[in-house]
file input_31.cif (mmCIF, C-alpha atoms; chains and numbers go by the auth columns)
data_run
#
loop_
_atom_site.group_PDB
_atom_site.id
_atom_site.type_symbol
_atom_site.label_atom_id
_atom_site.label_comp_id
_atom_site.label_asym_id
_atom_site.label_seq_id
_atom_site.Cartn_x
_atom_site.Cartn_y
_atom_site.Cartn_z
_atom_site.B_iso_or_equiv
_atom_site.auth_seq_id
_atom_site.auth_asym_id
ATOM 1 C CA ILE A 1 -12.244 0.863 -3.348 0.00 1 A
ATOM 2 C CA MET A 2 -10.360 0.871 -6.621 0.00 2 A
ATOM 3 C CA HIS A 3 -11.614 -1.548 -9.257 0.00 3 A
ATOM 4 C CA ASN A 4 -9.219 -0.932 -12.112 0.00 4 A
ATOM 5 C CA THR A 5 -6.028 -2.724 -13.000 0.00 5 A
ATOM 6 C CA HIS A 6 -3.771 0.185 -12.041 0.00 6 A
ATOM 7 C CA ALA A 7 -4.620 0.329 -8.349 0.00 7 A
ATOM 8 C CA ILE A 8 -1.010 0.100 -7.194 0.00 8 A
ATOM 9 C CA ARG A 9 0.020 3.002 -9.412 0.00 9 A
ATOM 10 C CA LEU A 10 -2.900 5.103 -8.166 0.00 10 A
ATOM 11 C CA GLU A 11 -2.068 4.341 -4.533 0.00 11 A
ATOM 12 C CA ARG A 12 1.613 5.093 -5.142 0.00 12 A
ATOM 13 C CA LYS A 13 0.784 8.447 -6.701 0.00 13 A
ATOM 14 C CA ARG A 14 -1.797 9.211 -3.997 0.00 14 A
ATOM 15 C CA TRP A 15 1.011 9.003 -1.443 0.00 15 A
ATOM 16 C CA ALA A 16 3.509 10.834 -3.701 0.00 16 A
ATOM 17 C CA LEU A 17 5.868 7.870 -3.865 0.00 17 A
ATOM 18 C CA SER A 18 8.152 7.443 -6.838 0.00 18 A
ATOM 19 C CA GLN A 19 8.411 4.034 -8.441 0.00 19 A
ATOM 20 C CA GLN A 20 11.914 3.676 -7.020 0.00 20 A
ATOM 21 C CA GLU A 21 10.777 4.579 -3.494 0.00 21 A
ATOM 22 C CA LEU A 22 7.968 2.023 -3.536 0.00 22 A
ATOM 23 C CA ALA A 23 10.229 -0.582 -5.128 0.00 23 A
ATOM 24 C CA ASN A 24 12.739 -0.011 -2.323 0.00 24 A
ATOM 25 C CA LEU A 25 10.021 -0.366 0.328 0.00 25 A
ATOM 26 C CA LEU A 26 8.988 -3.673 -1.256 0.00 26 A
ATOM 27 C CA SER A 27 12.564 -4.826 -1.865 0.00 27 A
ATOM 28 C CA ILE A 28 11.963 -5.312 -5.590 0.00 28 A
ATOM 29 C CA THR A 29 13.408 -3.654 -8.695 0.00 29 A
ATOM 30 C CA ARG A 30 11.777 -0.675 -10.345 0.00 30 A
ATOM 31 C CA PRO A 31 11.106 -2.697 -13.543 0.00 31 A
ATOM 32 C CA ALA A 32 9.422 -5.385 -11.397 0.00 32 A
ATOM 33 C CA LEU A 33 7.243 -2.679 -9.862 0.00 33 A
ATOM 34 C CA THR A 34 6.314 -1.412 -13.320 0.00 34 A
ATOM 35 C CA ARG A 35 5.157 -4.922 -14.297 0.00 35 A
ATOM 36 C CA LEU A 36 3.317 -5.233 -10.996 0.00 36 A
ATOM 37 C CA GLU A 37 1.531 -1.916 -11.485 0.00 37 A
ATOM 38 C CA ILE A 38 -0.027 -3.222 -14.681 0.00 38 A
ATOM 39 C CA GLU A 39 -0.327 -6.797 -13.352 0.00 39 A
ATOM 40 C CA THR A 40 1.487 -8.363 -16.280 0.00 40 A
ATOM 41 C CA GLU A 41 2.882 -11.058 -13.999 0.00 41 A
ATOM 42 C CA SER A 42 2.124 -12.678 -10.688 0.00 42 A
ATOM 43 C CA THR A 43 3.819 -11.416 -7.581 0.00 43 A
ATOM 44 C CA SER A 44 5.347 -13.157 -4.618 0.00 44 A
ATOM 45 C CA LEU A 45 3.498 -13.470 -1.362 0.00 45 A
ATOM 46 C CA GLU A 46 6.195 -11.313 0.222 0.00 46 A
ATOM 47 C CA THR A 47 5.556 -8.477 -2.234 0.00 47 A
ATOM 48 C CA ALA A 48 1.760 -8.788 -1.935 0.00 48 A
ATOM 49 C CA LEU A 49 2.013 -8.610 1.848 0.00 49 A
ATOM 50 C CA GLY A 50 4.446 -5.713 1.507 0.00 50 A
ATOM 51 C CA LEU A 51 1.786 -3.816 -0.452 0.00 51 A
ATOM 52 C CA LEU A 52 -0.659 -4.543 2.333 0.00 52 A
ATOM 53 C CA VAL A 53 1.821 -3.149 4.882 0.00 53 A
ATOM 54 C CA VAL A 54 2.534 -0.036 2.811 0.00 54 A
ATOM 55 C CA PHE A 55 -1.004 0.855 1.767 0.00 55 A
ATOM 56 C CA GLY A 56 -3.163 -1.049 4.271 0.00 56 A
ATOM 57 C CA THR A 57 -5.337 -2.127 1.366 0.00 57 A
ATOM 58 C CA ASP A 58 -7.164 -5.405 0.806 0.00 58 A
ATOM 59 C CA PRO A 59 -5.296 -7.622 -1.702 0.00 59 A
ATOM 60 C CA SER A 60 -8.401 -7.962 -3.883 0.00 60 A
ATOM 61 C CA THR A 61 -8.385 -4.191 -4.260 0.00 61 A
ATOM 62 C CA ILE A 62 -4.700 -3.602 -4.875 0.00 62 A
ATOM 63 C CA LEU A 63 -4.199 -6.675 -7.141 0.00 63 A
ATOM 64 C CA PRO A 64 -7.669 -7.224 -8.635 0.00 64 A
ATOM 65 C CA ARG A 65 -6.759 -9.401 -11.629 0.00 65 A
ATOM 66 C CA THR A 66 -4.334 -11.552 -9.661 0.00 66 A
ATOM 67 C CA TYR A 67 -6.846 -11.968 -6.842 0.00 67 A
ATOM 68 C CA ALA A 68 -9.658 -12.842 -9.274 0.00 68 A
ATOM 69 C CA ARG A 69 -7.481 -15.449 -11.019 0.00 69 A
ATOM 70 C CA ILE A 70 -6.519 -17.087 -7.721 0.00 70 A
ATOM 71 C CA GLU A 71 -10.065 -16.917 -6.374 0.00 71 A
ATOM 72 C CA GLU A 72 -11.447 -18.614 -9.499 0.00 72 A
ATOM 73 C CA ALA A 73 -8.900 -21.430 -9.278 0.00 73 A
ATOM 74 C CA VAL A 74 -9.531 -22.003 -5.562 0.00 74 A
ATOM 75 C CA MET A 75 -13.303 -21.908 -5.997 0.00 75 A
ATOM 76 C CA THR A 76 -13.085 -24.472 -8.819 0.00 76 A
ATOM 77 C CA ARG A 77 -11.215 -26.831 -6.497 0.00 77 A
ATOM 78 C CA ALA A 78 -13.697 -26.019 -3.705 0.00 78 A
ATOM 79 C CA ALA A 79 -16.568 -27.111 -5.964 0.00 79 A
ATOM 80 C CA GLU A 80 -14.786 -30.429 -6.543 0.00 80 A
ATOM 81 C CA LEU A 81 -14.359 -30.917 -2.789 0.00 81 A
ATOM 82 C CA ASP A 82 -18.011 -30.005 -2.257 0.00 82 A
ATOM 83 C CA CYS A 83 -19.094 -32.702 -4.723 0.00 83 A
ATOM 84 C CA SER A 84 -16.961 -35.310 -2.974 0.00 84 A
ATOM 85 C CA LEU A 85 -18.531 -34.436 0.399 0.00 85 A
ATOM 86 C CA ARG A 86 -22.179 -34.438 -0.674 0.00 86 A
ATOM 87 C CA GLY A 87 -24.265 -36.961 1.232 0.00 87 A
ATOM 88 C CA LYS A 88 -21.736 -37.350 4.046 0.00 88 A
ATOM 89 C CA THR A 89 -23.056 -36.560 7.512 0.00 89 A
ATOM 90 C CA ASP A 90 -20.053 -37.068 9.785 0.00 90 A
ATOM 91 C CA GLN A 91 -18.879 -34.048 11.799 0.00 91 A
ATOM 92 C CA LYS A 92 -15.676 -33.478 9.799 0.00 92 A
ATOM 93 C CA SER A 93 -17.534 -33.501 6.484 0.00 93 A
ATOM 94 C CA LEU A 94 -20.175 -31.119 7.835 0.00 94 A
ATOM 95 C CA ARG A 95 -17.466 -28.712 9.043 0.00 95 A
ATOM 96 C CA LYS A 96 -15.808 -28.814 5.634 0.00 96 A
ATOM 97 C CA LEU A 97 -19.147 -28.138 3.935 0.00 97 A
ATOM 98 C CA GLN A 98 -19.678 -25.153 6.241 0.00 98 A
ATOM 99 C CA LEU A 99 -16.253 -23.781 5.301 0.00 99 A
ATOM 100 C CA LEU A 100 -17.055 -24.189 1.606 0.00 100 A
ATOM 101 C CA SER A 101 -20.378 -22.428 2.124 0.00 101 A
ATOM 102 C CA ASN A 102 -18.590 -19.560 3.870 0.00 102 A
ATOM 103 C CA MET A 103 -16.134 -19.324 0.966 0.00 103 A
ATOM 104 C CA VAL A 104 -19.004 -18.990 -1.528 0.00 104 A
ATOM 105 C CA LYS A 105 -20.689 -16.305 0.598 0.00 105 A
ATOM 106 C CA GLN A 106 -17.431 -14.345 0.855 0.00 106 A
ATOM 107 C CA ALA A 107 -16.757 -14.552 -2.891 0.00 107 A
ATOM 108 C CA THR A 108 -20.354 -13.581 -3.677 0.00 108 A
ATOM 109 C CA ALA A 109 -20.235 -10.617 -1.307 0.00 109 A
ATOM 110 C CA ARG A 110 -16.954 -9.410 -2.835 0.00 110 A
ATOM 111 C CA THR A 111 -18.376 -9.756 -6.361 0.00 111 A
ATOM 112 C CA ASN A 112 -21.502 -7.828 -5.371 0.00 112 A
ATOM 113 C CA ARG A 113 -19.340 -4.962 -4.029 0.00 113 A
ATOM 114 C CA LEU A 114 -17.664 -4.612 -7.393 0.00 114 A
#
call {"tool": "encode", "arguments": {"input": "input_31.cif", "output": "structure tokens"}}
result
Amino acid sequence: IMHNTHAIRLERKRWALSQQELANLLSITRPALTRLEIETESTSLETALGLLVVFGTDPSTILPRTYARIEEAVMTRAAELDCSLRGKTDQKSLRKLQLLSNMVKQATARTNRL
């Protein structure tokens, strides 16, 4: 697992792909790939999934800063939902609380692997 901010570049070089070749596979420009390799901007879902297809790598590994930013934002909103559900005992609320608990476990496990 790669934990630096240049994971895409390392994977590209590992497979001896030029920037232009990878850009073509992803249907983006070479300058866009350069920005993506250093994560200076967010990427589209299509490009992120394209990276998954090309390298077969978990998005949190190949785009660590982007993934961390999104995870933090989602978990902040999850905490708000959790607060609004506290004390409720109906089946739908309990299912939602279980989902939120699973999200925390997954995020914690990923953080511990880093």
call {"tool": "residues_around", "arguments": {"input": "input_31.cif", "residues": "Met75 of chain A", "least_positions_apart": "6", "cutoff": "10 Å", "atoms": "all atoms listed in the file", "output": "VMD selection string"}}
result
chain A and resid 81 100 103 to 104 107
call {"tool": "write_last_selection", "arguments": {"input": "input_31.cif", "atoms": "C-alpha atoms", "output": "mmCIF file, keeping the file's coordinate frame"}}
result
data_model
loop_
_atom_site.group_PDB
_atom_site.id
_atom_site.type_symbol
_atom_site.label_atom_id
_atom_site.label_comp_id
_atom_site.auth_asym_id
_atom_site.auth_seq_id
_atom_site.Cartn_x
_atom_site.Cartn_y
_atom_site.Cartn_z
ATOM 1 C CA LEU A 81 -14.359 -30.917 -2.789
ATOM 2 C CA LEU A 100 -17.055 -24.189 1.606
ATOM 3 C CA MET A 103 -16.134 -19.324 0.966
ATOM 4 C CA VAL A 104 -19.004 -18.990 -1.528
ATOM 5 C CA ALA A 107 -16.757 -14.552 -2.891
#
call {"tool": "atom_distance", "arguments": {"input": "input_31.cif", "atom1": "atom CA of Arg110 of chain A", "atom2": "atom CA of Thr66 of chain A"}}
result
14.5 Å
call {"tool": "closest_residue", "arguments": {"input": "input_31.cif", "among": "A:Leu33, A:Leu26, A:Ala16, A:Ala79", "to": "Leu45 of chain A", "atoms": "all atoms listed in the file"}}
result
A:Leu26
call {"tool": "resolve_selection", "arguments": {"input": "input_31.cif", "expression": "the PyMOL selection byres ((chain A and resi 27) around 12)", "output": "list in words"}}
result
Gln19, Gln20, Glu21, Leu22, Ala23, Asn24, Leu25, Leu26, Ile28, Thr29, Arg30, Pro31, Ala32, Leu33, Ser44, Glu46, Thr47, Ala48, Leu49, Gly50 and Leu51 of chain A
call {"tool": "write_last_selection", "arguments": {"input": "input_31.cif", "atoms": "C-alpha atoms", "output": "tab-separated table (two decimals), keeping the file's coordinate frame"}}
result
chain	number	residue	atom	x	y	z
A	19	GLN	CA	8.41	4.03	-8.44
A	20	GLN	CA	11.91	3.68	-7.02
A	21	GLU	CA	10.78	4.58	-3.49
A	22	LEU	CA	7.97	2.02	-3.54
A	23	ALA	CA	10.23	-0.58	-5.13
A	24	ASN	CA	12.74	-0.01	-2.32
A	25	LEU	CA	10.02	-0.37	0.33
A	26	LEU	CA	8.99	-3.67	-1.26
A	28	ILE	CA	11.96	-5.31	-5.59
A	29	THR	CA	13.41	-3.65	-8.70
A	30	ARG	CA	11.78	-0.68	-10.34
A	31	PRO	CA	11.11	-2.70	-13.54
A	32	ALA	CA	9.42	-5.38	-11.40
A	33	LEU	CA	7.24	-2.68	-9.86
A	44	SER	CA	5.35	-13.16	-4.62
A	46	GLU	CA	6.20	-11.31	0.22
A	47	THR	CA	5.56	-8.48	-2.23
A	48	ALA	CA	1.76	-8.79	-1.94
A	49	LEU	CA	2.01	-8.61	1.85
A	50	GLY	CA	4.45	-5.71	1.51
A	51	LEU	CA	1.79	-3.82	-0.45
call {"tool": "atom_distance", "arguments": {"input": "input_31.cif", "atom1": "atom CA of Ser60 of chain A", "atom2": "atom CA of Ser42 of chain A"}}
result
13.4 Å
call {"tool": "atom_distance", "arguments": {"input": "input_31.cif", "atom1": "atom CA of Thr40 of chain A", "atom2": "atom CA of Val54 of chain A"}}
result
20.9 Å
call {"tool": "closest_residue", "arguments": {"input": "input_31.cif", "among": "A:Ser18, A:Thr108, A:Asn102, A:Thr34", "to": "Glu72 of chain A", "atoms": "only C-alpha atoms"}}
result
A:Thr108
call {"tool": "closest_residue", "arguments": {"input": "input_31.cif", "among": "A:Thr43, A:Gln98, A:Thr61, A:Thr111", "to": "Leu85 of chain A", "atoms": "only C-alpha atoms"}}
result
A:Gln98
call {"tool": "closest_residue", "arguments": {"input": "input_31.cif", "among": "A:Phe55, A:Arg86, A:Ile70, A:Lys105", "to": "Arg14 of chain A", "atoms": "only C-alpha atoms"}}
result
A:Phe55
call {"tool": "decode", "arguments": {"input": "input_31.cif", "residues": "segment 34-47 of chain A", "atoms": "all heavy atoms", "output": "PDB file, in the first residue's frame"}}
result
ATOM      1  N   THR A  34      -0.927  15.237 -14.932  1.00  0.00           N
ATOM      2  CA  THR A  34       0.142  15.809 -14.109  1.00  0.00           C
ATOM      3  C   THR A  34      -0.442  16.379 -12.821  1.00  0.00           C
ATOM      4  O   THR A  34       0.066  16.120 -11.728  1.00  0.00           O
ATOM      5  CB  THR A  34       0.898  16.909 -14.879  1.00  0.00           C
ATOM      6  OG1 THR A  34       1.497  16.330 -16.043  1.00  0.00           O
ATOM      7  CG2 THR A  34       1.981  17.549 -14.017  1.00  0.00           C
ATOM      8  N   ARG A  35      -1.528  17.147 -12.934  1.00  0.00           N
ATOM      9  CA  ARG A  35      -2.173  17.712 -11.735  1.00  0.00           C
ATOM     10  C   ARG A  35      -2.725  16.603 -10.851  1.00  0.00           C
ATOM     11  O   ARG A  35      -2.652  16.687  -9.629  1.00  0.00           O
ATOM     12  CB  ARG A  35      -3.270  18.694 -12.145  1.00  0.00           C
ATOM     13  CG  ARG A  35      -2.741  19.965 -12.797  1.00  0.00           C
ATOM     14  CD  ARG A  35      -3.836  20.994 -13.024  1.00  0.00           C
ATOM     15  NE  ARG A  35      -4.918  20.526 -13.872  1.00  0.00           N
ATOM     16  CZ  ARG A  35      -4.934  20.582 -15.207  1.00  0.00           C
ATOM     17  NH1 ARG A  35      -3.900  21.103 -15.858  1.00  0.00           N
ATOM     18  NH2 ARG A  35      -5.975  20.151 -15.888  1.00  0.00           N
ATOM     19  N   LEU A  36      -3.251  15.565 -11.462  1.00  0.00           N
ATOM     20  CA  LEU A  36      -3.802  14.446 -10.708  1.00  0.00           C
ATOM     21  C   LEU A  36      -2.705  13.692  -9.964  1.00  0.00           C
ATOM     22  O   LEU A  36      -2.893  13.275  -8.822  1.00  0.00           O
ATOM     23  CB  LEU A  36      -4.538  13.501 -11.659  1.00  0.00           C
ATOM     24  CG  LEU A  36      -5.288  12.332 -11.061  1.00  0.00           C
ATOM     25  CD1 LEU A  36      -6.360  12.816 -10.098  1.00  0.00           C
ATOM     26  CD2 LEU A  36      -5.908  11.491 -12.158  1.00  0.00           C
ATOM     27  N   GLU A  37      -1.560  13.543 -10.600  1.00  0.00           N
ATOM     28  CA  GLU A  37      -0.454  12.812  -9.966  1.00  0.00           C
ATOM     29  C   GLU A  37       0.025  13.482  -8.685  1.00  0.00           C
ATOM     30  O   GLU A  37       0.513  12.814  -7.781  1.00  0.00           O
ATOM     31  CB  GLU A  37       0.717  12.650 -10.939  1.00  0.00           C
ATOM     32  CG  GLU A  37       0.474  11.596 -11.985  1.00  0.00           C
ATOM     33  CD  GLU A  37       1.681  11.286 -12.841  1.00  0.00           C
ATOM     34  OE1 GLU A  37       2.629  12.107 -12.907  1.00  0.00           O
ATOM     35  OE2 GLU A  37       1.683  10.211 -13.454  1.00  0.00           O
ATOM     36  N   ILE A  38      -0.116  14.783  -8.610  1.00  0.00           N
ATOM     37  CA  ILE A  38       0.283  15.484  -7.385  1.00  0.00           C
ATOM     38  C   ILE A  38      -0.934  15.944  -6.583  1.00  0.00           C
ATOM     39  O   ILE A  38      -0.796  16.670  -5.603  1.00  0.00           O
ATOM     40  CB  ILE A  38       1.242  16.658  -7.681  1.00  0.00           C
ATOM     41  CG1 ILE A  38       0.621  17.655  -8.647  1.00  0.00           C
ATOM     42  CG2 ILE A  38       2.565  16.150  -8.193  1.00  0.00           C
ATOM     43  CD1 ILE A  38       1.450  18.907  -8.889  1.00  0.00           C
ATOM     44  N   GLU A  39      -2.112  15.497  -6.993  1.00  0.00           N
ATOM     45  CA  GLU A  39      -3.379  15.793  -6.317  1.00  0.00           C
ATOM     46  C   GLU A  39      -3.545  17.275  -6.018  1.00  0.00           C
ATOM     47  O   GLU A  39      -3.888  17.668  -4.904  1.00  0.00           O
ATOM     48  CB  GLU A  39      -3.529  14.972  -5.037  1.00  0.00           C
ATOM     49  CG  GLU A  39      -3.813  13.518  -5.276  1.00  0.00           C
ATOM     50  CD  GLU A  39      -4.287  12.806  -4.026  1.00  0.00           C
ATOM     51  OE1 GLU A  39      -5.470  12.945  -3.682  1.00  0.00           O
ATOM     52  OE2 GLU A  39      -3.462  12.126  -3.405  1.00  0.00           O
ATOM     53  N   THR A  40      -3.319  18.107  -7.027  1.00  0.00           N
ATOM     54  CA  THR A  40      -3.529  19.540  -6.829  1.00  0.00           C
ATOM     55  C   THR A  40      -4.977  19.925  -7.093  1.00  0.00           C
ATOM     56  O   THR A  40      -5.360  21.059  -6.838  1.00  0.00           O
ATOM     57  CB  THR A  40      -2.610  20.376  -7.743  1.00  0.00           C
ATOM     58  OG1 THR A  40      -2.855  20.008  -9.108  1.00  0.00           O
ATOM     59  CG2 THR A  40      -1.155  20.159  -7.385  1.00  0.00           C
ATOM     60  N   GLU A  41      -5.769  19.005  -7.609  1.00  0.00           N
ATOM     61  CA  GLU A  41      -7.185  19.278  -7.817  1.00  0.00           C
ATOM     62  C   GLU A  41      -7.969  17.981  -7.684  1.00  0.00           C
ATOM     63  O   GLU A  41      -7.407  16.891  -7.756  1.00  0.00           O
ATOM     64  CB  GLU A  41      -7.428  19.916  -9.178  1.00  0.00           C
ATOM     65  CG  GLU A  41      -7.048  19.037 -10.355  1.00  0.00           C
ATOM     66  CD  GLU A  41      -7.228  19.748 -11.685  1.00  0.00           C
ATOM     67  OE1 GLU A  41      -6.813  20.910 -11.795  1.00  0.00           O
ATOM     68  OE2 GLU A  41      -7.780  19.121 -12.598  1.00  0.00           O
ATOM     69  N   SER A  42      -9.246  18.118  -7.476  1.00  0.00           N
ATOM     70  CA  SER A  42     -10.103  16.941  -7.389  1.00  0.00           C
ATOM     71  C   SER A  42     -10.264  16.339  -8.776  1.00  0.00           C
ATOM     72  O   SER A  42     -10.052  16.998  -9.785  1.00  0.00           O
ATOM     73  CB  SER A  42     -11.473  17.330  -6.844  1.00  0.00           C
ATOM     74  OG  SER A  42     -11.368  17.773  -5.529  1.00  0.00           O
ATOM     75  N   THR A  43     -10.651  15.081  -8.797  1.00  0.00           N
ATOM     76  CA  THR A  43     -10.854  14.410 -10.063  1.00  0.00           C
ATOM     77  C   THR A  43     -12.307  13.987 -10.194  1.00  0.00           C
ATOM     78  O   THR A  43     -13.035  13.937  -9.206  1.00  0.00           O
ATOM     79  CB  THR A  43      -9.914  13.196 -10.207  1.00  0.00           C
ATOM     80  OG1 THR A  43     -10.029  12.691 -11.527  1.00  0.00           O
ATOM     81  CG2 THR A  43     -10.243  12.114  -9.205  1.00  0.00           C
ATOM     82  N   SER A  44     -12.698  13.685 -11.401  1.00  0.00           N
ATOM     83  CA  SER A  44     -14.061  13.220 -11.625  1.00  0.00           C
ATOM     84  C   SER A  44     -14.192  11.771 -11.170  1.00  0.00           C
ATOM     85  O   SER A  44     -13.196  11.045 -11.070  1.00  0.00           O
ATOM     86  CB  SER A  44     -14.412  13.316 -13.114  1.00  0.00           C
ATOM     87  OG  SER A  44     -13.687  12.340 -13.850  1.00  0.00           O
ATOM     88  N   LEU A  45     -15.412  11.374 -10.937  1.00  0.00           N
ATOM     89  CA  LEU A  45     -15.669   9.988 -10.580  1.00  0.00           C
ATOM     90  C   LEU A  45     -15.221   9.075 -11.717  1.00  0.00           C
ATOM     91  O   LEU A  45     -14.641   8.008 -11.471  1.00  0.00           O
ATOM     92  CB  LEU A  45     -17.155   9.784 -10.279  1.00  0.00           C
ATOM     93  CG  LEU A  45     -17.580   8.359  -9.948  1.00  0.00           C
ATOM     94  CD1 LEU A  45     -16.829   7.835  -8.731  1.00  0.00           C
ATOM     95  CD2 LEU A  45     -19.082   8.312  -9.717  1.00  0.00           C
ATOM     96  N   GLU A  46     -15.452   9.496 -12.936  1.00  0.00           N
ATOM     97  CA  GLU A  46     -15.052   8.698 -14.099  1.00  0.00           C
ATOM     98  C   GLU A  46     -13.546   8.445 -14.113  1.00  0.00           C
ATOM     99  O   GLU A  46     -13.101   7.315 -14.340  1.00  0.00           O
ATOM    100  CB  GLU A  46     -15.483   9.393 -15.389  1.00  0.00           C
ATOM    101  CG  GLU A  46     -15.207   8.586 -16.629  1.00  0.00           C
ATOM    102  CD  GLU A  46     -15.760   9.238 -17.881  1.00  0.00           C
ATOM    103  OE1 GLU A  46     -16.824   9.870 -17.818  1.00  0.00           O
ATOM    104  OE2 GLU A  46     -15.108   9.110 -18.933  1.00  0.00           O
ATOM    105  N   THR A  47     -12.757   9.471 -13.832  1.00  0.00           N
ATOM    106  CA  THR A  47     -11.308   9.312 -13.811  1.00  0.00           C
ATOM    107  C   THR A  47     -10.867   8.453 -12.626  1.00  0.00           C
ATOM    108  O   THR A  47     -10.003   7.583 -12.769  1.00  0.00           O
ATOM    109  CB  THR A  47     -10.611  10.684 -13.769  1.00  0.00           C
ATOM    110  OG1 THR A  47     -10.983  11.417 -14.946  1.00  0.00           O
ATOM    111  CG2 THR A  47      -9.104  10.548 -13.732  1.00  0.00           C
TER     112      THR A  47
END
